[in-house]
Structure formats: structure tokens, C-alpha cells
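File shown: data-v6.txt (compact mmCIF, C-alpha atoms).
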# COMPACT_ATOMS: atom_id res chain seq x y z
CA LYS T 576 5.56 -9.79 21.58
CA ARG T 577 9.04 -10.99 22.49
CA GLN T 578 8.43 -14.24 20.68
CA SER T 579 7.13 -12.53 17.51
CA ALA T 580 10.13 -10.19 17.44
CA MET T 581 12.38 -13.21 17.16
CA MET T 582 10.55 -14.79 14.25
CA SER T 583 12.88 -16.33 11.70
CA GLN T 584 12.70 -15.22 8.06
CA GLU T 585 11.17 -18.57 7.23
CA GLU T 586 8.40 -18.10 9.83
CA ILE T 587 7.68 -14.62 8.52
CA LEU T 588 7.46 -15.83 4.92
CA VAL T 589 5.18 -18.70 5.84
CA SER T 590 2.64 -16.11 7.06
CA LEU T 591 1.80 -15.82 3.35
CA VAL T 592 0.64 -19.45 3.42
CA GLN T 593 -2.92 -19.31 4.75
CA GLY T 594 -5.57 -21.97 5.16
CA ARG T 595 -6.15 -25.10 3.15
CA ASP T 596 -5.71 -23.33 -0.18
CA GLY T 597 -2.44 -21.84 1.01
CA LYS T 598 -1.09 -25.21 2.03
CA ALA T 599 -2.04 -26.64 -1.35
CA TRP T 600 -0.24 -23.72 -3.01
CA ALA T 601 2.88 -24.33 -0.88
CA GLU T 602 2.98 -27.97 -1.87
CA ARG T 603 3.07 -26.96 -5.54
CA GLN T 604 6.19 -24.83 -5.10
CA GLN T 605 9.53 -26.33 -6.04
CA THR T 606 11.37 -25.46 -2.85
CA GLY T 607 10.52 -24.23 0.62
CA TRP T 608 7.35 -22.54 1.89
CA SER T 609 7.11 -24.60 5.05
CA VAL T 610 8.44 -23.96 8.55
CA TYR T 611 9.57 -27.55 8.42
CA SER T 612 11.58 -27.02 5.24
CA LYS T 613 15.26 -27.85 5.52
CA GLU T 614 16.13 -25.34 2.81
CA PRO T 615 16.95 -21.78 3.95
CA ALA T 616 14.61 -19.00 2.86
CA CYS T 617 17.05 -17.77 0.22
CA THR T 618 16.50 -20.95 -1.80
CA TRP T 619 12.71 -20.80 -1.72
CA THR T 620 10.70 -20.28 -4.88
CA GLY T 621 10.18 -16.56 -5.52
CA ILE T 622 12.66 -15.38 -2.87
CA GLN T 623 15.86 -13.43 -3.47
CA CYS T 624 18.42 -12.50 -0.85
CA ASP T 625 21.02 -9.79 -0.58
CA SER T 626 23.87 -10.46 -3.01
CA MET T 627 26.43 -9.51 -0.40
CA ASP T 628 25.47 -11.45 2.74
CA ARG T 629 23.34 -14.06 0.88
CA THR T 630 21.11 -14.50 3.93
CA THR T 631 18.89 -11.39 4.12
CA VAL T 632 15.61 -11.59 2.19
CA VAL T 633 15.25 -8.54 -0.08
CA SER T 634 12.68 -9.68 -2.64
CA ILE T 635 9.43 -11.64 -2.65
CA ASP T 636 8.09 -12.22 -6.17
CA LEU T 637 5.18 -14.64 -6.30
CA SER T 638 3.44 -13.05 -9.28
CA GLY T 639 1.08 -15.29 -11.19
CA THR T 640 1.51 -18.30 -8.90
CA LYS T 641 -2.19 -18.61 -7.95
CA LEU T 642 -1.47 -17.61 -4.35
CA GLU T 643 -4.62 -17.14 -2.26
CA GLY T 644 -4.95 -15.24 1.00
CA THR T 645 -4.24 -11.80 2.40
CA ILE T 646 -1.13 -9.63 2.74
CA PRO T 647 0.18 -10.46 6.23
CA PRO T 648 1.33 -7.56 8.42
CA GLU T 649 4.13 -9.83 9.65
CA LEU T 650 6.06 -8.93 6.49
CA GLU T 651 7.10 -5.73 8.26
CA LYS T 652 9.57 -7.91 10.15
CA LEU T 653 11.60 -8.09 6.93
CA PRO T 654 12.91 -4.51 7.17
CA ASN T 655 15.33 -4.92 4.26
CA LEU T 656 12.64 -5.99 1.81
CA ARG T 657 12.94 -4.05 -1.45
CA VAL T 658 10.48 -5.89 -3.70
CA LEU T 659 7.03 -7.20 -2.90
CA ALA T 660 5.40 -8.53 -6.07
CA LEU T 661 2.16 -10.45 -5.65
CA GLY T 662 0.44 -9.51 -8.89
CA SER T 663 -2.03 -11.72 -10.78
CA ASN T 664 -3.07 -13.88 -7.85
CA GLU T 665 -6.12 -14.17 -5.60
CA ILE T 666 -5.08 -11.83 -2.80
CA ARG T 667 -7.94 -10.34 -0.78
CA GLY T 668 -8.30 -7.94 2.12
CA ASN T 669 -6.57 -4.59 2.45
CA ILE T 670 -2.98 -3.38 2.30
CA PRO T 671 -1.77 -3.39 5.93
CA SER T 672 -0.30 -0.13 7.18
CA GLN T 673 2.62 -2.13 8.58
CA VAL T 674 3.55 -3.16 5.03
CA ALA T 675 2.94 0.29 3.53
CA ASN T 676 5.31 1.70 6.17
CA MET T 677 8.22 -0.59 5.30
CA PRO T 678 11.22 1.73 4.90
CA ASN T 679 13.18 0.16 2.04
CA LEU T 680 10.53 -0.85 -0.48
CA GLU T 681 11.47 -0.07 -4.06
CA LYS T 682 8.79 -2.00 -5.90
CA PHE T 683 5.26 -2.75 -4.69
CA ASN T 684 3.06 -4.65 -7.13
CA VAL T 685 -0.23 -6.24 -6.10
CA SER T 686 -2.03 -5.70 -9.42
CA ASP T 687 -4.81 -7.92 -10.70
CA ASN T 688 -6.11 -9.25 -7.39
CA PHE T 689 -9.18 -8.69 -5.21
CA ILE T 690 -7.74 -6.16 -2.76
CA THR T 691 -10.18 -3.86 -1.00
CA GLY T 692 -9.89 -0.91 1.36
CA THR T 693 -8.13 2.34 0.50
CA VAL T 694 -4.86 3.33 -1.16
CA PRO T 695 -2.25 3.77 1.59
CA SER T 696 0.50 6.32 1.95
CA PHE T 697 3.81 4.56 1.42
CA ALA T 698 6.68 5.49 3.73
CA SER T 699 9.64 4.39 1.63
CA ARG T 700 11.41 7.19 -0.22
CA LEU T 701 13.11 4.55 -2.37
CA LEU T 702 9.96 3.51 -4.23
CA ASN T 703 10.18 3.47 -8.00
CA THR T 704 7.13 1.32 -8.81
CA VAL T 705 3.64 1.26 -7.29
CA ASP T 706 1.15 -0.93 -9.15
CA LEU T 707 -2.25 -1.37 -7.50
CA SER T 708 -4.20 -1.72 -10.74
CA LYS T 709 -7.13 -4.07 -11.32
CA ASN T 710 -8.34 -4.43 -7.75
CA ARG T 711 -11.31 -3.21 -5.71
CA LEU T 712 -9.74 -0.28 -3.92
CA ALA T 713 -12.09 2.60 -3.06
CA GLY T 714 -11.97 6.12 -1.67
CA PRO T 715 -9.58 8.94 -2.60
CA LEU T 716 -5.85 8.92 -3.17
CA PRO T 717 -3.90 10.11 -0.10
CA GLU T 718 -3.23 13.85 -0.28
CA ASP T 719 0.47 13.15 0.19
CA PHE T 720 0.69 10.28 -2.31
CA GLY T 721 3.39 12.09 -4.29
CA THR T 722 5.20 13.69 -1.37
CA ASN T 723 8.74 12.38 -0.78
CA HIS T 724 8.37 10.08 -3.78
CA ASP T 725 10.65 11.74 -6.28
CA ARG T 726 11.95 8.34 -7.45
CA ILE T 727 8.63 6.81 -8.50
CA MET T 728 8.62 6.10 -12.23
CA LEU T 729 5.35 4.14 -12.43
CA TYR T 730 2.19 4.78 -10.41
CA ASP T 731 -0.74 2.68 -11.59
CA VAL T 732 -4.16 2.43 -9.93
CA MET T 733 -6.25 1.81 -13.05
CA LYS T 734 -9.44 -0.27 -12.87
CA ASN T 735 -10.42 0.27 -9.25
CA ILE T 736 -13.33 2.28 -7.82
CA LEU T 737 -11.33 5.26 -6.59
CA THR T 738 -12.99 8.65 -6.13
CA GLY T 739 -12.10 12.27 -5.43
CA THR T 740 -9.65 14.58 -7.14
CA VAL T 741 -6.00 14.06 -8.03
CA PRO T 742 -3.91 15.55 -5.19
CA GLY T 743 -1.52 18.34 -6.10
CA SER T 744 1.35 16.34 -4.60
CA VAL T 745 1.54 14.52 -7.94
CA ARG T 746 3.77 17.41 -9.00
CA ASP T 747 6.41 16.21 -6.52
CA MET T 748 6.94 12.96 -8.44
CA GLU T 749 9.84 14.27 -10.49
CA ALA T 750 10.91 10.90 -11.93
CA LEU T 751 7.39 9.87 -12.96
CA GLU T 752 7.22 8.29 -16.42
CA THR T 753 3.81 6.58 -16.27
CA LEU T 754 0.72 7.79 -14.41
CA SER T 755 -2.30 5.54 -14.88
CA LEU T 756 -5.58 6.45 -13.19
CA SER T 757 -7.85 5.02 -15.91
CA ASP T 758 -11.25 3.46 -15.32
CA ASN T 759 -12.05 4.81 -11.86
CA HIS T 760 -14.48 7.39 -10.49
CA PHE T 761 -12.08 10.33 -10.20
CA SER T 762 -13.64 13.76 -10.63
CA GLY T 763 -12.85 17.46 -10.49
CA LEU T 764 -10.33 19.36 -12.57
CA LEU T 765 -7.24 17.83 -14.12
CA PRO T 766 -4.30 18.81 -11.93
CA THR T 767 -2.14 21.63 -13.19
CA GLY T 768 1.59 21.07 -13.31
CA LEU T 769 1.54 17.65 -14.97
CA GLY T 770 3.26 19.22 -17.94
CA MET T 771 6.13 20.24 -15.69
CA LEU T 772 7.01 16.62 -14.94
CA GLN T 773 10.06 16.41 -17.16
CA ASN T 774 10.09 12.61 -17.49
CA LEU T 775 6.37 11.96 -18.02
CA LYS T 776 5.79 9.80 -21.09
CA TYR T 777 2.50 7.99 -20.53
CA LEU T 778 -0.55 9.71 -19.05
CA TYR T 779 -3.72 7.64 -18.73
CA LEU T 780 -6.68 9.49 -17.17
CA ASP T 781 -9.46 8.05 -19.34
CA ASP T 782 -12.82 6.67 -18.20
CA ASN T 783 -13.34 8.94 -15.22
CA TYR T 784 -15.45 12.02 -14.44
CA PHE T 785 -12.90 14.80 -14.88
CA VAL T 786 -14.34 18.19 -15.81
CA GLY T 787 -13.03 21.56 -16.94
CA THR T 788 -10.46 22.31 -19.58
CA ILE T 789 -7.28 20.53 -20.56
CA PRO T 790 -4.49 22.41 -18.73
CA ALA T 791 -2.38 24.41 -21.16
CA ASP T 792 0.85 23.32 -19.47
CA LEU T 793 0.09 19.70 -20.30
CA ALA T 794 0.78 20.51 -23.92
CA ARG T 795 4.06 22.28 -23.27
CA VAL T 796 6.41 21.87 -26.21
CA GLN T 797 9.97 22.38 -25.11
CA GLY T 798 11.52 19.16 -23.89
CA SER T 799 8.24 17.24 -23.66
CA LEU T 800 8.66 13.46 -23.61
CA LEU T 801 4.91 12.76 -23.70
CA GLU T 802 4.14 9.89 -26.04
CA GLU T 803 0.65 8.85 -24.98
CA VAL T 804 -2.12 11.01 -23.51
CA TRP T 805 -5.44 9.27 -22.87
CA LEU T 806 -8.20 11.63 -21.74
CA GLN T 807 -11.15 10.01 -23.49
CA ASP T 808 -14.51 9.31 -21.86
CA ASN T 809 -14.52 12.10 -19.29
CA ARG T 810 -16.50 15.33 -19.10
CA LEU T 811 -13.83 17.73 -20.28
CA SER T 812 -14.81 20.94 -22.03
CA GLY T 813 -13.12 23.79 -23.88
CA THR T 814 -10.80 23.42 -26.84
CA VAL T 815 -7.87 21.18 -27.68
CA PRO T 816 -4.62 23.01 -26.83
CA VAL T 817 -2.89 23.95 -30.05
CA ALA T 818 0.51 23.19 -28.53
CA PHE T 819 -0.22 19.45 -28.70
CA ALA T 820 0.44 19.71 -32.42
CA ASP T 821 4.04 20.68 -31.73
CA SER T 822 4.78 17.88 -29.26
CA SER T 823 7.36 16.00 -31.30
CA ASN T 824 7.20 12.74 -29.33
CA LEU T 825 3.40 12.49 -29.19
CA LEU T 826 2.08 9.24 -30.67
CA ASP T 827 -1.34 8.77 -29.05
CA LEU T 828 -3.80 11.51 -28.11
CA TYR T 829 -7.29 10.25 -27.30
CA LEU T 830 -9.89 12.89 -26.47
CA ASP T 831 -13.18 11.36 -27.67
CA GLY T 832 -16.16 11.02 -25.38
CA ASN T 833 -15.83 14.50 -23.85
CA LYS T 834 -17.56 17.85 -24.34
CA LEU T 835 -14.78 19.58 -26.23
CA THR T 836 -15.59 22.34 -28.69
CA GLY T 837 -13.84 24.15 -31.52
CA LYS T 838 -11.62 22.75 -34.21
CA VAL T 839 -8.90 20.15 -33.91
CA PRO T 840 -5.54 21.73 -34.80
CA ARG T 841 -4.67 20.69 -38.35
CA ASP T 842 -1.22 19.41 -37.42
CA LEU T 843 -2.76 16.91 -35.00
CA CYS T 844 -4.11 15.10 -38.02
CA ARG T 845 -0.66 13.94 -39.09
CA SER T 846 -0.30 10.21 -39.69
CA GLU T 847 2.08 9.60 -36.78
CA ILE T 848 -0.57 10.47 -34.18
CA ASN T 849 -3.10 7.78 -33.24
CA SER T 850 -1.84 5.50 -35.99
CA ASP T 851 -2.75 2.43 -33.94
CA PHE T 852 -6.37 3.62 -33.86
CA PHE T 853 -6.65 2.79 -37.53
CA LEU T 854 -5.32 -0.69 -36.85
CA GLY T 855 -7.90 -1.39 -34.13
CA TYR T 856 -8.08 -0.39 -30.51
CA PRO T 857 -5.19 1.38 -28.77
CA ARG T 858 -2.42 -0.85 -27.48
CA ARG T 859 -2.19 -1.10 -23.72
Rewrite the structure of this file - the entire thing - as C-alpha cells.
Amino acid sequence: KRQSAMMSQEEILVSLVQGRDGKAWAERQQTGWSVYSKEPACTWTGIQCDSMDRTTVVSIDLSGTKLEGTIPPELEKLPNLRVLALGSNEIRGNIPSQVANMPNLEKFNVSDNFITGTVPSFASRLLNTVDLSKNRLAGPLPEDFGTNHDRIMLYDVMKNILTGTVPGSVRDMEALETLSLSDNHFSGLLPTGLGMLQNLKYLYLDDNYFVGTIPADLARVQGSLLEEVWLQDNRLSGTVPVAFADSSNLLDLYLDGNKLTGKVPRDLCRSEINSDFFLGYPRR
């Protein structure tokens, strides 16, 4: 334990290099990624250090570099790490609790990998981006996933195999601009209070098993920034809230593939809404 506590930044970073494939990956990088490297960690490919002291690692961005392996718990020994971006690689295994508990994370992106296990609760109150999309995560969202996360602007878990309902703590995410839960196995009622999130612009809840009616507060008019609302391919019932027609910023409203009844408000048929539908599939 004493020896591990004294690991250098270089030794900690090299924990990302695993097995034969990892060594082959390291050899393809322009600088660093070996404990035998003469270059300091701050010069390594994908690494950024604090702009003040120029020695403390604050960012690891290895997105799209064909990195293979797992997320090593040893990364917790970089307590000042703000960015961990490993998207579009071949990362497997789960998200270690040691990493989820890192206190200064601002951006966590492991999208488009093969990560399994469950969605963790993140400890950092500084988080503004959580992107876990396009993996193999299962189980429910943590009940407290929105608690103490009033800085998160993007929370994306689309295209996993997540289940359960959406916890009410989502209402605590006051800075939230994009919530993407598409293409999972979520069920139950749509959470009330989403319409009270003053900064919410993009809401993607399509391709799940949500039931019940569309909450009236989601279509609130005054001050709404909502531009895209995707609720298609669920099991929603009831009528389309008339107030959607008065949402001045609304560009996309997809409700098909549900069990809705009644008439569509006439003003929702204006040309500005769902215009990209007539050009092909929705942009994403």
C-alpha cells in the first residue's frame, strides 16, 4: 500500500496500457505511454496538465485512439483530474467506484465502448458532462443521480440496456441542457418537473417503455428553451398537451409510436416544427 501511494503520474497513466494490445497501442502513440519514457507525463499524447504548475495531470483524452482494456481504479491517484475522455474505443469491464468517486471530475465520457455493469453515482459536484451512451450498461439509474449535480449540462446514457424509472432527483439538475435516455428499457411514468428545468433544450426519451400521459408541465410556455422533444416509440397515452403549440423555440416534437388519442393541436402543424422529418430522418 505504501508503494502504491507513491506511484508517479507516469506509472498511474500506464495502468491504462494493458496486455499485448495495450502495448501495441502505446507504441503507436507519438509520445510517452511507457514507464521507461524519458518524456514527462505532461508531454504524452492525450494528456494535459495544469496551466499554472505545468506538472499536475488534469485531463486524459484518448477518444477514438483504438485503446483496448478496462478503466483502471488506479486513476483515483490523480485527484486533480478534471477530464476523463475515453469515448469511441474498445473499453470493457465496469466503471470502478474509485473513479466515479474522484472529487474534481468535470467531464466523464466513455461513450461508444463495451462497458458493462451499472451506472455509478458520481461524487464530483463539478461535473458538467456525463456521457455513457452506446455501451452495455444495465440496471436502474442511481436514485441520487441528479443530487448535488446542479452543474451538469449533458447527461447521456442512450443505447444501453438500462431499466427502471427515471429518479425524481433529475429535477435537481438545474443546469441541464440535454437529457438523453433513448433506446433503453426504461419504464413507468415520465417524471414530473422536467418542464421546470429552466435550461433544458434537448429531451430524448424515445424507444423505451414509458407509460401514462405526457406531463403538462413539460409543455410549459413561459421561458421554455425546449427545442427538441423525442418521445416516440413508447407506450404513452392521453392527449398531446395543447401548450406545446405555444412553445416558441420548439423545432422537433416526435410522438409517433405511442397510444395517444384526440386531435393534434392545429398550431403544432406549423412548418417550423419537425421540418427535418420531411427531409428524411431526424438529425441526431
Please determine an axis-aligned box that encloses all atoms of region 706-718 of chain T listed in the file, with 3 Å added on each side, and express its centre and edge lengths in Å to one decimal as AutoDock Vina command-line options.
--center_x -5.5 --center_y 4.7 --center_z -5.7 --size_x 19.2 --size_y 24.3 --size_z 17.2
Mind giving me the straight-line distance from CA of Ala599 (chain T) to CA of Leu680 (chain T) in Å, one decimal?
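It comes out at 28.7 Å.
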Option closest in space to Phe785 (chain T), from T:Ser799, T:Asn735, T:Gln773, T:Asn809 [counting only C-alpha atoms]
T:Asn809
Taking 5 positions as the minimum chain separation for residues in the same chain, which residues sit within 10 Å of Thr640 (chain T) when counting only C-alpha atoms? Answer as an MDAnalysis selection string.
chainID T and resid 600 603:604 621 661:665
Which protein, DNA or RNA residues are at most 9 Å from (-9.6, 8.5, -0.8) in the file's coordinates when you count only C-alpha atoms, listed as a PyMOL selection string?
chain T and resi 693-694+713-718+737-740
With C-alpha atoms kept, could you save the residues just selected as a short mmCIF file (atom, residue, chain, number, x, y, z; two decimals), keeping the file's coordinate frame?
data_model
loop_
_atom_site.label_atom_id
_atom_site.label_comp_id
_atom_site.auth_asym_id
_atom_site.auth_seq_id
_atom_site.Cartn_x
_atom_site.Cartn_y
_atom_site.Cartn_z
CA THR T 693 -8.13 2.34 0.50
CA VAL T 694 -4.86 3.33 -1.16
CA ALA T 713 -12.09 2.60 -3.06
CA GLY T 714 -11.97 6.12 -1.67
CA PRO T 715 -9.58 8.94 -2.60
CA LEU T 716 -5.85 8.92 -3.17
CA PRO T 717 -3.90 10.11 -0.10
CA GLU T 718 -3.23 13.85 -0.28
CA LEU T 737 -11.33 5.26 -6.59
CA THR T 738 -12.99 8.65 -6.13
CA GLY T 739 -12.10 12.27 -5.43
CA THR T 740 -9.65 14.58 -7.14
#
Neighbour list for Ser708 (chain T) as a VMD selection string, cut-off 12 Å, all atoms listed in the file, skip fewer than 5 positions in-chain
chain T and resid 661 to 663 683 to 691 694 713 729 to 737 754 to 759
Contacts of Pro742 (chain T) at 12 Å (only C-alpha atoms; same-chain gap of 5+ positions) as a list in words
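The neighbour list is Pro715, Leu716, Pro717, Glu718, Asp719, Phe720, Gly721, Thr722, Asp747, Met748, Phe761, Ser762, Gly763, Leu764, Leu765, Pro766, Thr767, Gly768 and Leu769 of chain T.
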All residues 8 Å or closer to region 649-651 of chain T, all atoms listed in the file, same chain fewer than 4 positions away omitted, as a PyMOL selection string:
chain T and resi 587-588+590+673-674+676-677
Between CA of Thr620 (chain T) and CA of Ala675 (chain T), measure the distance and give it in Å to one decimal.
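For CA of Thr620 (chain T) relative to CA of Ala675 (chain T), the distance reads 23.5 Å.
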Rank nothing, just name the residue among T:Asn824, T:Thr788, T:Asn833, T:Ser609 nearest to Glu847 (chain T), using all atoms listed in the file.
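The shortest atom-to-atom distance to Glu847 (chain T) comes from T:Asn824.
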For Ser744 (chain T), which residue among T:Gly607, T:Val658, T:Leu772, T:Leu653 is the nearest when counting all atoms listed in the file?
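Selected residue with least distance to Ser744 (chain T): T:Leu772.
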With only C-alpha atoms counted, which protein, DNA or RNA residues have an atom no more than 6 Å from (-16.2, 20.3, -20.0) in the file frame? Please answer as a VMD selection string.
chain T and resid 786 to 787 810 to 812 834
Could you check the closest approach to Pro648 (chain T) for each of T:Leu591, T:Val839, T:Leu707, T:Val804 and tell me which residue wins, using all atoms listed in the file?
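For Pro648 (chain T), the nearest of the given residues is T:Leu591.
Of note, CA of Gln605 (chain T) and CA of Cys617 (chain T) are spaced 13.0 Å apart.
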Residue neighbourhood Glu752 (chain T), 6 Å, all atoms listed in the file, exclusion window fewer than 4 positions, as a list of chain:residue names:
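With the cut-off at 6 Å, the set is T:Met728, T:Asn774, T:Leu775, T:Lys776.
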Have a look at T:Gly743, T:Pro654, T:Pro615, T:Gly837 and name the one nearest to Ser699 (chain T); count only C-alpha atoms.
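Nearest to Ser699 (chain T): T:Pro654.
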Restricting the calculation to all atoms listed in the file, which member of T:Val589, T:Ile666, T:Val633, T:Ala660 is positioned closest to Thr645 (chain T)?
T:Ile666
